[in-house]
Amino acid sequence: MGILEVKNVGKRFGGLQALGDVNLSVAENSVHAIIGPNGAGKSTLLNCLVGKLIPDTGSVMFDGQSVLGRTPYEINQMGISRVFQTPEIFADLTVMENMMIPCFAKRDGAFKLNGIKSVESEAEIRDRAEAMMEDMNLAEKRHMHAASMSRGDKRRLEIAMCLAQEPRLLLLDEPTAGMARADTNNTIDLLKEIKQKRDITIVIIEHDMHVVFSLAERITVLAQGTPLVEDVPSKIKGHPKVREAYLGETAAA
Ligand SMILES: Nc1ncnc2c1ncn2[C@@H]1O[C@H](COP(=O)(O)OP(=O)(O)OP(=O)(O)O)[C@@H](O)[C@H]1O
Ligand SMILES: [Mg+2]
C-alpha cells in the first residue's frame, strides 16, 4: 500500500472525459512523476487530490484516510501541500512577509480575521519564517519584494512556503515551466536537497524530461485521462507506450 492510493478515478467536464479510470499508488518517501502530453489530465488529477475538484467516480486515500469530501484547507491540514502551475505568492509582499503567511497558518491552525493576538506569537512566527528562509537559502533576500525575484527564486519561495506547513506529501505541477536552464537546475538541486533532509513524498508533474529523469523513482505516463504505463525511469525511457502517448502531440507539431 502506498501513502497515496488513487483508485478508479474518473472526471468529466461536460462531454469531455478528462480522466477515465485512473489508478495510482505512490510509495511513502518516494518521488513519483506523472508525465503526458498537454491535455492528458495531469492537472485535473492533481486538482482531485487537493479538493479543488471532486471526481465523478473512484477514491483518493492519503495515509488510509479519504481526501474526498474535504475542503482544500482540511486536506492541507492532513499534510498535503501543492505548488500550482503558476507561482501563488503575493507579489507586493516581501519574501519575509510571504514566508510568515504559512507559518502563521501552521501556528494558529487557521487564518483568523482578528490577526496575530500577542507579541509572543508574532515573534514565534517571525522566528519560524527566519529559520525556513535560512534553510531554503532565501535569508539574504528577506526584504526583497517577491515581484522582483527571478522565476527560479519565486519557485523556491513558493516551495519554502509549502514546506513551512510541514507537509508529508508535496504535489508539484510543472515546477520548472518557463524557467531558464540555470533556474531549472537550481530547482532540481533544491528538490534533491529537500528529499535528503526530510521524510517527504513528492508527486511531480513535469514536461521537462531532464527534470523527470533527474528526480523520479517511478513514472506514470498519462494519455487522454488514462495511465498507459507505470515503471522505473530506466524502463520508461524508450518505452513504446511513451511514444504512443505523445504521438498526437508530435503529429500536431
Ligand atoms: N475546468 C475545466 N472545464 C472544462 N474542461 C477542462 C477543465 N479543466 C481541464 N479541462 C480539460 O480537461 C482536459 C485535461 O486538462 P488538464 O489541464 O488536466 O491537462 P494537463 O495534462 O494538465 O495539460 P497541460 O500539460 O497542458 O497542463 C483538457 O482537455 C482540458 O481542456
Ligand atoms: Mg496541467
# chains A, B, ... in the order shown; residues from 1 in each chain; ligands from 1
$ residues_around --residues "A:Gly64" --least-positions-apart "3" --cutoff "12 Å" --atoms "only C-alpha atoms" --output "PyMOL selection string"
chain A and resi 1-6+59-61+67+78
$ write_last_selection --atoms "all heavy atoms" --output "PDB file, in the first residue's frame"
ATOM      1  N   MET A   1       0.840  -1.224   0.000  1.00  0.00           N
ATOM      2  CA  MET A   1       0.000   0.000   0.000  1.00  0.00           C
ATOM      3  C   MET A   1       0.864   1.260   0.000  1.00  0.00           C
ATOM      4  O   MET A   1       1.774   1.399   0.813  1.00  0.00           O
ATOM      5  CB  MET A   1      -0.867   0.030   1.267  1.00  0.00           C
ATOM      6  CG  MET A   1      -2.171  -0.727   1.150  1.00  0.00           C
ATOM      7  SD  MET A   1      -3.457   0.249   0.366  1.00  0.00           S
ATOM      8  CE  MET A   1      -3.943   1.297   1.738  1.00  0.00           C
ATOM      9  N   GLY A   2       0.550   2.173  -0.914  1.00  0.00           N
ATOM     10  CA  GLY A   2       1.272   3.435  -0.933  1.00  0.00           C
ATOM     11  C   GLY A   2       0.665   4.420   0.054  1.00  0.00           C
ATOM     12  O   GLY A   2      -0.430   4.188   0.571  1.00  0.00           O
ATOM     13  N   ILE A   3       1.388   5.520   0.298  1.00  0.00           N
ATOM     14  CA  ILE A   3       0.818   6.551   1.185  1.00  0.00           C
ATOM     15  C   ILE A   3      -0.319   7.269   0.470  1.00  0.00           C
ATOM     16  O   ILE A   3      -1.264   7.743   1.092  1.00  0.00           O
ATOM     17  CB  ILE A   3       1.898   7.548   1.665  1.00  0.00           C
ATOM     18  CG1 ILE A   3       1.306   8.438   2.750  1.00  0.00           C
ATOM     19  CG2 ILE A   3       2.482   8.387   0.535  1.00  0.00           C
ATOM     20  CD1 ILE A   3       2.270   8.972   3.729  1.00  0.00           C
ATOM     21  N   LEU A   4      -0.230   7.292  -0.878  1.00  0.00           N
ATOM     22  CA  LEU A   4      -1.311   7.868  -1.693  1.00  0.00           C
ATOM     23  C   LEU A   4      -1.863   6.770  -2.589  1.00  0.00           C
ATOM     24  O   LEU A   4      -1.109   6.145  -3.339  1.00  0.00           O
ATOM     25  CB  LEU A   4      -0.767   9.029  -2.537  1.00  0.00           C
ATOM     26  CG  LEU A   4      -1.770   9.707  -3.459  1.00  0.00           C
ATOM     27  CD1 LEU A   4      -2.816  10.488  -2.662  1.00  0.00           C
ATOM     28  CD2 LEU A   4      -1.067  10.644  -4.427  1.00  0.00           C
ATOM     29  N   GLU A   5      -3.151   6.534  -2.483  1.00  0.00           N
ATOM     30  CA  GLU A   5      -3.790   5.488  -3.284  1.00  0.00           C
ATOM     31  C   GLU A   5      -4.962   6.092  -4.050  1.00  0.00           C
ATOM     32  O   GLU A   5      -5.956   6.514  -3.447  1.00  0.00           O
ATOM     33  CB  GLU A   5      -4.313   4.357  -2.374  1.00  0.00           C
ATOM     34  CG  GLU A   5      -3.229   3.512  -1.734  1.00  0.00           C
ATOM     35  CD  GLU A   5      -2.593   2.512  -2.704  1.00  0.00           C
ATOM     36  OE1 GLU A   5      -3.219   2.154  -3.720  1.00  0.00           O
ATOM     37  OE2 GLU A   5      -1.441   2.112  -2.429  1.00  0.00           O
ATOM     38  N   VAL A   6      -4.826   6.132  -5.364  1.00  0.00           N
ATOM     39  CA  VAL A   6      -5.893   6.646  -6.226  1.00  0.00           C
ATOM     40  C   VAL A   6      -6.518   5.443  -6.918  1.00  0.00           C
ATOM     41  O   VAL A   6      -5.814   4.659  -7.551  1.00  0.00           O
ATOM     42  CB  VAL A   6      -5.301   7.627  -7.279  1.00  0.00           C
ATOM     43  CG1 VAL A   6      -6.358   8.081  -8.270  1.00  0.00           C
ATOM     44  CG2 VAL A   6      -4.644   8.817  -6.589  1.00  0.00           C
ATOM     45  N   SER A  59     -11.886   6.672  -5.684  1.00  0.00           N
ATOM     46  CA  SER A  59     -11.493   7.088  -4.342  1.00  0.00           C
ATOM     47  C   SER A  59     -10.057   7.598  -4.339  1.00  0.00           C
ATOM     48  O   SER A  59      -9.230   7.187  -5.172  1.00  0.00           O
ATOM     49  CB  SER A  59     -11.637   5.918  -3.369  1.00  0.00           C
ATOM     50  OG  SER A  59     -10.740   4.887  -3.726  1.00  0.00           O
ATOM     51  N   VAL A  60      -9.778   8.502  -3.411  1.00  0.00           N
ATOM     52  CA  VAL A  60      -8.415   9.011  -3.212  1.00  0.00           C
ATOM     53  C   VAL A  60      -8.131   8.919  -1.715  1.00  0.00           C
ATOM     54  O   VAL A  60      -8.791   9.565  -0.908  1.00  0.00           O
ATOM     55  CB  VAL A  60      -8.271  10.483  -3.674  1.00  0.00           C
ATOM     56  CG1 VAL A  60      -6.851  10.978  -3.413  1.00  0.00           C
ATOM     57  CG2 VAL A  60      -8.632  10.650  -5.146  1.00  0.00           C
ATOM     58  N   MET A  61      -7.170   8.073  -1.360  1.00  0.00           N
ATOM     59  CA  MET A  61      -6.832   7.880   0.056  1.00  0.00           C
ATOM     60  C   MET A  61      -5.412   8.373   0.309  1.00  0.00           C
ATOM     61  O   MET A  61      -4.493   8.057  -0.446  1.00  0.00           O
ATOM     62  CB  MET A  61      -6.879   6.392   0.425  1.00  0.00           C
ATOM     63  CG  MET A  61      -8.195   5.691   0.129  1.00  0.00           C
ATOM     64  SD  MET A  61      -9.539   6.200   1.198  1.00  0.00           S
ATOM     65  CE  MET A  61      -9.137   5.302   2.675  1.00  0.00           C
ATOM     66  N   VAL A  67      -9.532  11.699   1.027  1.00  0.00           N
ATOM     67  CA  VAL A  67      -9.452  13.152   0.896  1.00  0.00           C
ATOM     68  C   VAL A  67     -10.736  13.698   0.279  1.00  0.00           C
ATOM     69  O   VAL A  67     -10.959  14.909   0.282  1.00  0.00           O
ATOM     70  CB  VAL A  67      -8.237  13.632   0.052  1.00  0.00           C
ATOM     71  CG1 VAL A  67      -6.939  13.083   0.593  1.00  0.00           C
ATOM     72  CG2 VAL A  67      -8.390  13.284  -1.413  1.00  0.00           C
ATOM     73  N   MET A  78      -4.190  17.788   6.579  1.00  0.00           N
ATOM     74  CA  MET A  78      -3.850  16.356   6.605  1.00  0.00           C
ATOM     75  C   MET A  78      -2.378  16.132   6.256  1.00  0.00           C
ATOM     76  O   MET A  78      -1.851  15.038   6.442  1.00  0.00           O
ATOM     77  CB  MET A  78      -4.693  15.574   5.579  1.00  0.00           C
ATOM     78  CG  MET A  78      -6.137  15.345   5.979  1.00  0.00           C
ATOM     79  SD  MET A  78      -7.083  14.699   4.560  1.00  0.00           S
ATOM     80  CE  MET A  78      -6.609  12.957   4.584  1.00  0.00           C
TER      81      MET A  78
END
$ residues_around --residues "A:Gly51" --least-positions-apart "2" --cutoff "8 Å" --atoms "only C-alpha atoms" --output "number ranges by chain"
A: 47-49, 53-54, 67-72, 75
$ residues_near_ligand --ligand "ligand 2" --cutoff "8 Å" --atoms "only C-alpha atoms and all ligand atoms" --output "JSON, numbers by chain"
{"A": [38, 39, 41, 42, 43, 44, 85, 173, 174, 205]}
$ residues_near_ligand --ligand "ligand 1" --cutoff "12 Å" --atoms "only C-alpha atoms and all ligand atoms" --output "PyMOL selection string"
chain A and resi 10-20+34-48+52-54+84-86+172-175+177+204-208+221-227+245-246+249
$ write_last_selection --atoms "C-alpha atoms" --output "mmCIF file, in the first residue's frame"
data_model
loop_
_atom_site.group_PDB
_atom_site.id
_atom_site.type_symbol
_atom_site.label_atom_id
_atom_site.label_comp_id
_atom_site.auth_asym_id
_atom_site.auth_seq_id
_atom_site.Cartn_x
_atom_site.Cartn_y
_atom_site.Cartn_z
ATOM 1 C CA GLY A 10 -12.896 9.473 -13.339
ATOM 2 C CA LYS A 11 -13.769 13.092 -14.104
ATOM 3 C CA ARG A 12 -15.880 14.564 -16.896
ATOM 4 C CA PHE A 13 -16.187 18.188 -17.959
ATOM 5 C CA GLY A 14 -19.453 18.214 -19.910
ATOM 6 C CA GLY A 15 -18.859 15.960 -22.908
ATOM 7 C CA LEU A 16 -15.130 15.611 -22.232
ATOM 8 C CA GLN A 17 -13.799 12.648 -20.260
ATOM 9 C CA ALA A 18 -10.751 14.355 -18.715
ATOM 10 C CA LEU A 19 -9.906 11.359 -16.516
ATOM 11 C CA GLY A 20 -11.007 7.867 -17.494
ATOM 12 C CA ILE A 34 3.367 11.985 -13.840
ATOM 13 C CA ILE A 35 4.122 12.795 -17.455
ATOM 14 C CA GLY A 36 1.976 13.054 -20.560
ATOM 15 C CA PRO A 37 1.090 15.413 -23.398
ATOM 16 C CA ASN A 38 -0.882 18.644 -22.994
ATOM 17 C CA GLY A 39 -4.488 17.943 -22.032
ATOM 18 C CA ALA A 40 -3.692 14.419 -20.756
ATOM 19 C CA GLY A 41 -5.447 15.206 -17.465
ATOM 20 C CA LYS A 42 -2.401 15.704 -15.229
ATOM 21 C CA SER A 43 -3.547 18.939 -13.567
ATOM 22 C CA THR A 44 -7.100 17.599 -13.312
ATOM 23 C CA LEU A 45 -5.761 14.600 -11.414
ATOM 24 C CA LEU A 46 -3.785 16.839 -9.059
ATOM 25 C CA ASN A 47 -6.842 19.028 -8.528
ATOM 26 C CA CYS A 48 -8.751 15.889 -7.465
ATOM 27 C CA LYS A 52 -10.108 21.611 -5.877
ATOM 28 C CA LEU A 53 -12.146 19.198 -7.984
ATOM 29 C CA ILE A 54 -14.389 16.350 -6.892
ATOM 30 C CA PHE A 84 0.460 25.273 -8.633
ATOM 31 C CA GLN A 85 1.340 25.539 -12.310
ATOM 32 C CA THR A 86 1.839 29.321 -11.853
ATOM 33 C CA LEU A 172 4.270 19.950 -7.818
ATOM 34 C CA ASP A 173 2.547 20.935 -11.058
ATOM 35 C CA GLU A 174 5.265 21.757 -13.608
ATOM 36 C CA PRO A 175 7.594 23.474 -11.122
ATOM 37 C CA ALA A 177 7.684 25.540 -16.540
ATOM 38 C CA ILE A 204 5.711 15.901 -9.675
ATOM 39 C CA ILE A 205 4.035 16.707 -12.975
ATOM 40 C CA GLU A 206 6.623 17.764 -15.493
ATOM 41 C CA HIS A 207 7.145 18.151 -19.234
ATOM 42 C CA ASP A 208 10.909 18.589 -18.963
ATOM 43 C CA VAL A 221 2.594 8.089 -18.276
ATOM 44 C CA LEU A 222 -0.869 9.562 -18.680
ATOM 45 C CA ALA A 223 -2.598 9.997 -22.038
ATOM 46 C CA GLN A 224 -6.180 11.091 -22.629
ATOM 47 C CA GLY A 225 -7.013 10.664 -18.968
ATOM 48 C CA THR A 226 -5.707 7.111 -18.684
ATOM 49 C CA PRO A 227 -2.404 5.811 -17.299
ATOM 50 C CA ALA A 245 1.201 8.787 -25.531
ATOM 51 C CA TYR A 246 2.997 11.641 -27.270
ATOM 52 C CA GLU A 249 1.338 15.952 -29.865
#
$ select_by_dssp --residues "stretch 42-208 of chain A" --states "strand (DSSP E)" --output "ChimeraX atom specification"
/A:57-62,65-66,80-83,169-173,201-205
$ write_last_selection --atoms "N, CA and C atoms" --output "PDB file, in the first residue's frame"
ATOM      1  N   THR A  57     -16.099   9.606 -10.086  1.00  0.00           N
ATOM      2  CA  THR A  57     -16.026   8.221  -9.605  1.00  0.00           C
ATOM      3  C   THR A  57     -14.700   7.994  -8.897  1.00  0.00           C
ATOM      4  N   GLY A  58     -14.636   6.926  -8.126  1.00  0.00           N
ATOM      5  CA  GLY A  58     -13.361   6.481  -7.557  1.00  0.00           C
ATOM      6  C   GLY A  58     -13.072   7.038  -6.176  1.00  0.00           C
ATOM      7  N   SER A  59     -11.886   6.672  -5.684  1.00  0.00           N
ATOM      8  CA  SER A  59     -11.493   7.088  -4.342  1.00  0.00           C
ATOM      9  C   SER A  59     -10.057   7.598  -4.339  1.00  0.00           C
ATOM     10  N   VAL A  60      -9.778   8.502  -3.411  1.00  0.00           N
ATOM     11  CA  VAL A  60      -8.415   9.011  -3.212  1.00  0.00           C
ATOM     12  C   VAL A  60      -8.131   8.919  -1.715  1.00  0.00           C
ATOM     13  N   MET A  61      -7.170   8.073  -1.360  1.00  0.00           N
ATOM     14  CA  MET A  61      -6.832   7.880   0.056  1.00  0.00           C
ATOM     15  C   MET A  61      -5.412   8.373   0.309  1.00  0.00           C
ATOM     16  N   PHE A  62      -5.253   9.148   1.366  1.00  0.00           N
ATOM     17  CA  PHE A  62      -3.918   9.570   1.792  1.00  0.00           C
ATOM     18  C   PHE A  62      -3.689   9.023   3.196  1.00  0.00           C
ATOM     19  N   GLN A  65      -6.718   7.630   4.825  1.00  0.00           N
ATOM     20  CA  GLN A  65      -7.910   8.470   5.001  1.00  0.00           C
ATOM     21  C   GLN A  65      -8.343   9.050   3.667  1.00  0.00           C
ATOM     22  N   SER A  66      -9.657   9.111   3.454  1.00  0.00           N
ATOM     23  CA  SER A  66     -10.146   9.657   2.189  1.00  0.00           C
ATOM     24  C   SER A  66      -9.983  11.172   2.168  1.00  0.00           C
ATOM     25  N   ILE A  80      -0.976  17.568   3.089  1.00  0.00           N
ATOM     26  CA  ILE A  80      -0.759  17.641   1.641  1.00  0.00           C
ATOM     27  C   ILE A  80      -0.636  19.108   1.240  1.00  0.00           C
ATOM     28  N   SER A  81       0.489  19.456   0.586  1.00  0.00           N
ATOM     29  CA  SER A  81       0.671  20.815   0.079  1.00  0.00           C
ATOM     30  C   SER A  81       0.934  20.753  -1.408  1.00  0.00           C
ATOM     31  N   ARG A  82       0.572  21.827  -2.074  1.00  0.00           N
ATOM     32  CA  ARG A  82       0.684  21.803  -3.526  1.00  0.00           C
ATOM     33  C   ARG A  82       1.280  23.086  -4.095  1.00  0.00           C
ATOM     34  N   VAL A  83       2.153  22.930  -5.058  1.00  0.00           N
ATOM     35  CA  VAL A  83       2.672  24.067  -5.800  1.00  0.00           C
ATOM     36  C   VAL A  83       1.957  24.085  -7.139  1.00  0.00           C
ATOM     37  N   LEU A 169       3.176  15.113   2.021  1.00  0.00           N
ATOM     38  CA  LEU A 169       3.067  14.912   0.570  1.00  0.00           C
ATOM     39  C   LEU A 169       3.112  16.275  -0.104  1.00  0.00           C
ATOM     40  N   LEU A 170       4.082  16.439  -1.009  1.00  0.00           N
ATOM     41  CA  LEU A 170       4.219  17.690  -1.753  1.00  0.00           C
ATOM     42  C   LEU A 170       3.878  17.412  -3.210  1.00  0.00           C
ATOM     43  N   LEU A 171       2.908  18.151  -3.731  1.00  0.00           N
ATOM     44  CA  LEU A 171       2.477  17.969  -5.118  1.00  0.00           C
ATOM     45  C   LEU A 171       2.979  19.155  -5.930  1.00  0.00           C
ATOM     46  N   LEU A 172       3.675  18.874  -7.017  1.00  0.00           N
ATOM     47  CA  LEU A 172       4.270  19.950  -7.818  1.00  0.00           C
ATOM     48  C   LEU A 172       3.746  19.864  -9.250  1.00  0.00           C
ATOM     49  N   ASP A 173       3.068  20.927  -9.689  1.00  0.00           N
ATOM     50  CA  ASP A 173       2.547  20.935 -11.058  1.00  0.00           C
ATOM     51  C   ASP A 173       3.464  21.777 -11.934  1.00  0.00           C
ATOM     52  N   THR A 201       7.055  12.746   0.690  1.00  0.00           N
ATOM     53  CA  THR A 201       6.703  12.103  -0.579  1.00  0.00           C
ATOM     54  C   THR A 201       6.435  13.222  -1.576  1.00  0.00           C
ATOM     55  N   ILE A 202       6.974  13.073  -2.772  1.00  0.00           N
ATOM     56  CA  ILE A 202       6.778  14.123  -3.787  1.00  0.00           C
ATOM     57  C   ILE A 202       6.130  13.530  -5.033  1.00  0.00           C
ATOM     58  N   VAL A 203       5.049  14.169  -5.482  1.00  0.00           N
ATOM     59  CA  VAL A 203       4.456  13.823  -6.780  1.00  0.00           C
ATOM     60  C   VAL A 203       4.683  15.031  -7.677  1.00  0.00           C
ATOM     61  N   ILE A 204       5.340  14.796  -8.794  1.00  0.00           N
ATOM     62  CA  ILE A 204       5.711  15.901  -9.675  1.00  0.00           C
ATOM     63  C   ILE A 204       5.159  15.686 -11.081  1.00  0.00           C
ATOM     64  N   ILE A 205       4.481  16.710 -11.583  1.00  0.00           N
ATOM     65  CA  ILE A 205       4.035  16.707 -12.975  1.00  0.00           C
ATOM     66  C   ILE A 205       5.048  17.539 -13.726  1.00  0.00           C
TER      67      ILE A 205
END
$ residues_around --residues "A:Lys241" --least-positions-apart "2" --cutoff "7 Å" --atoms "only C-alpha atoms" --output "count of residues only"
6
$ residues_around --residues "A:Met149" --least-positions-apart "6" --cutoff "12 Å" --atoms "only C-alpha atoms" --output "list in words"
Pro87, Ile89, Phe90, Ala91, Asp92, Leu93, Thr94, Val95, Leu138, Lys141, Arg142, His143, Arg155, Arg156, Leu157, Glu158 and Asp183 of chain A
$ write_last_selection --atoms "all heavy atoms" --output "CSV table (one decimal), in the first residue's frame"
chain,number,residue,atom,x,y,z
A,87,PRO,N,3.2,30.3,-10.1
A,87,PRO,CA,3.5,30.6,-8.6
A,87,PRO,C,2.4,31.4,-7.9
A,87,PRO,O,1.9,32.3,-8.5
A,87,PRO,CB,4.8,31.4,-8.7
A,87,PRO,CG,5.4,31.0,-10.0
A,87,PRO,CD,4.3,30.7,-10.9
A,89,ILE,N,2.3,33.4,-5.1
A,89,ILE,CA,2.9,34.1,-4.0
A,89,ILE,C,2.3,35.6,-4.1
A,89,ILE,O,1.8,35.9,-5.1
A,89,ILE,CB,4.4,34.1,-4.0
A,89,ILE,CG1,4.9,34.5,-5.4
A,89,ILE,CG2,5.0,32.8,-3.6
A,89,ILE,CD1,6.4,34.6,-5.6
A,90,PHE,N,2.5,36.3,-3.0
A,90,PHE,CA,2.0,37.7,-3.0
A,90,PHE,C,3.1,38.6,-3.5
A,90,PHE,O,4.0,38.9,-2.8
A,90,PHE,CB,1.5,38.1,-1.6
A,90,PHE,CG,0.3,37.3,-1.2
A,90,PHE,CD1,0.4,36.1,-0.5
A,90,PHE,CD2,-1.0,37.7,-1.6
A,90,PHE,CE1,-0.7,35.4,-0.1
A,90,PHE,CE2,-2.1,37.0,-1.2
A,90,PHE,CZ,-2.0,35.8,-0.5
A,91,ALA,N,2.9,39.1,-4.8
A,91,ALA,CA,4.0,39.8,-5.5
A,91,ALA,C,4.3,41.1,-4.7
A,91,ALA,O,5.5,41.5,-4.7
A,91,ALA,CB,3.5,40.1,-6.9
A,92,ASP,N,3.3,41.8,-4.1
A,92,ASP,CA,3.6,43.1,-3.4
A,92,ASP,C,4.2,42.9,-2.0
A,92,ASP,O,4.6,43.9,-1.4
A,92,ASP,CB,2.3,43.9,-3.3
A,92,ASP,CG,1.8,44.3,-4.7
A,92,ASP,OD1,2.7,44.4,-5.6
A,92,ASP,OD2,0.6,44.6,-4.9
A,93,LEU,N,4.3,41.7,-1.5
A,93,LEU,CA,4.8,41.5,-0.2
A,93,LEU,C,6.3,41.1,-0.3
A,93,LEU,O,6.7,40.6,-1.4
A,93,LEU,CB,4.1,40.4,0.5
A,93,LEU,CG,2.6,40.6,0.8
A,93,LEU,CD1,2.1,39.4,1.7
A,93,LEU,CD2,2.4,41.9,1.5
A,94,THR,N,7.1,41.3,0.7
A,94,THR,CA,8.5,40.9,0.7
A,94,THR,C,8.5,39.3,0.9
A,94,THR,O,7.5,38.7,1.2
A,94,THR,CB,9.3,41.5,1.8
A,94,THR,OG1,8.7,41.0,3.1
A,94,THR,CG2,9.2,43.0,1.8
A,95,VAL,N,9.7,38.8,0.7
A,95,VAL,CA,10.0,37.4,0.9
A,95,VAL,C,9.6,37.0,2.3
A,95,VAL,O,8.9,36.0,2.6
A,95,VAL,CB,11.5,37.0,0.6
A,95,VAL,CG1,11.8,35.6,1.0
A,95,VAL,CG2,11.7,37.3,-0.9
A,138,LEU,N,17.1,31.6,1.3
A,138,LEU,CA,16.3,32.8,1.0
A,138,LEU,C,16.6,34.0,1.9
A,138,LEU,O,16.1,35.1,1.7
A,138,LEU,CB,14.8,32.5,1.0
A,138,LEU,CG,14.3,31.7,-0.2
A,138,LEU,CD1,12.9,31.2,0.1
A,138,LEU,CD2,14.3,32.5,-1.5
A,141,LYS,N,17.5,37.4,0.8
A,141,LYS,CA,16.5,38.1,0.0
A,141,LYS,C,15.3,38.5,0.8
A,141,LYS,O,14.3,38.8,0.3
A,141,LYS,CB,16.1,37.2,-1.2
A,141,LYS,CG,17.3,36.9,-2.0
A,141,LYS,CD,17.0,36.2,-3.3
A,141,LYS,CE,18.2,36.2,-4.2
A,141,LYS,NZ,18.6,34.9,-4.7
A,142,ARG,N,15.4,38.4,2.2
A,142,ARG,CA,14.2,38.5,3.0
A,142,ARG,C,13.4,39.8,2.8
A,142,ARG,O,12.2,39.8,2.9
A,142,ARG,CB,14.5,38.3,4.5
A,142,ARG,CG,15.5,39.3,5.1
A,142,ARG,CD,15.4,39.3,6.6
A,142,ARG,NE,16.0,38.1,7.2
A,142,ARG,CZ,17.3,37.8,7.3
A,142,ARG,NH1,18.2,38.6,6.7
A,142,ARG,NH2,17.7,36.7,7.9
A,143,HIS,N,14.1,40.9,2.4
A,143,HIS,CA,13.4,42.2,2.3
A,143,HIS,C,13.1,42.5,0.8
A,143,HIS,O,12.5,43.6,0.6
A,143,HIS,CB,14.3,43.3,2.9
A,143,HIS,CG,14.5,43.2,4.4
A,143,HIS,ND1,13.5,43.0,5.2
A,143,HIS,CD2,15.7,43.1,5.1
A,143,HIS,CE1,14.0,42.8,6.5
A,143,HIS,NE2,15.3,42.8,6.4
A,155,ARG,N,9.9,30.4,-7.4
A,155,ARG,CA,9.5,28.9,-7.2
A,155,ARG,C,10.1,28.4,-5.8
A,155,ARG,O,9.4,27.7,-5.1
A,155,ARG,CB,10.1,28.2,-8.3
A,155,ARG,CG,9.4,27.0,-8.8
A,155,ARG,CD,7.9,27.0,-8.7
A,155,ARG,NE,7.2,26.8,-9.9
A,155,ARG,CZ,5.9,26.9,-10.1
A,155,ARG,NH1,5.1,27.2,-9.1
A,155,ARG,NH2,5.4,26.7,-11.2
A,156,ARG,N,11.3,28.9,-5.6
A,156,ARG,CA,12.0,28.5,-4.3
A,156,ARG,C,11.2,29.0,-3.1
A,156,ARG,O,10.9,28.2,-2.2
A,156,ARG,CB,13.4,29.1,-4.3
A,156,ARG,CG,14.2,28.8,-3.0
A,156,ARG,CD,15.6,29.4,-3.2
A,156,ARG,NE,16.4,28.6,-4.1
A,156,ARG,CZ,17.2,27.6,-3.8
A,156,ARG,NH1,17.3,27.2,-2.5
A,156,ARG,NH2,17.9,26.9,-4.7
A,157,LEU,N,10.7,30.2,-3.2
A,157,LEU,CA,9.9,30.8,-2.2
A,157,LEU,C,8.6,30.0,-2.0
A,157,LEU,O,8.1,29.7,-0.9
A,157,LEU,CB,9.6,32.3,-2.4
A,157,LEU,CG,8.6,33.0,-1.5
A,157,LEU,CD1,9.1,32.9,-0.1
A,157,LEU,CD2,8.4,34.5,-1.9
A,158,GLU,N,8.0,29.7,-3.1
A,158,GLU,CA,6.7,29.0,-3.1
A,158,GLU,C,6.8,27.6,-2.5
A,158,GLU,O,6.0,27.2,-1.7
A,158,GLU,CB,6.1,28.9,-4.5
A,158,GLU,CG,4.6,28.7,-4.5
A,158,GLU,CD,4.1,28.4,-5.8
A,158,GLU,OE1,4.9,28.1,-6.8
A,158,GLU,OE2,2.9,28.4,-6.0
A,183,ASP,N,17.9,28.1,-13.8
A,183,ASP,CA,16.8,28.0,-12.8
A,183,ASP,C,16.3,26.6,-12.6
A,183,ASP,O,16.0,26.2,-11.5
A,183,ASP,CB,15.7,29.0,-13.1
A,183,ASP,CG,16.1,30.4,-12.7
A,183,ASP,OD1,16.9,30.6,-11.8
A,183,ASP,OD2,15.4,31.4,-13.2
$ select_by_dssp --residues "stretch 47-191 of chain A" --states "helix (DSSP H, G or I)" --output "number ranges by chain"
A: 47-49, 72-78, 95-108, 119-135, 139-141, 146-148, 151-163, 181-191
$ closest_residue --among "A:Cys162, A:Ala147, A:Met136, A:Ala123" --to "A:Asn186" --atoms "only C-alpha atoms"
A:Met136
$ atom_distance --atom1 "atom CA of A:Asn23" --atom2 "atom CA of A:Val9"
6.8 Å
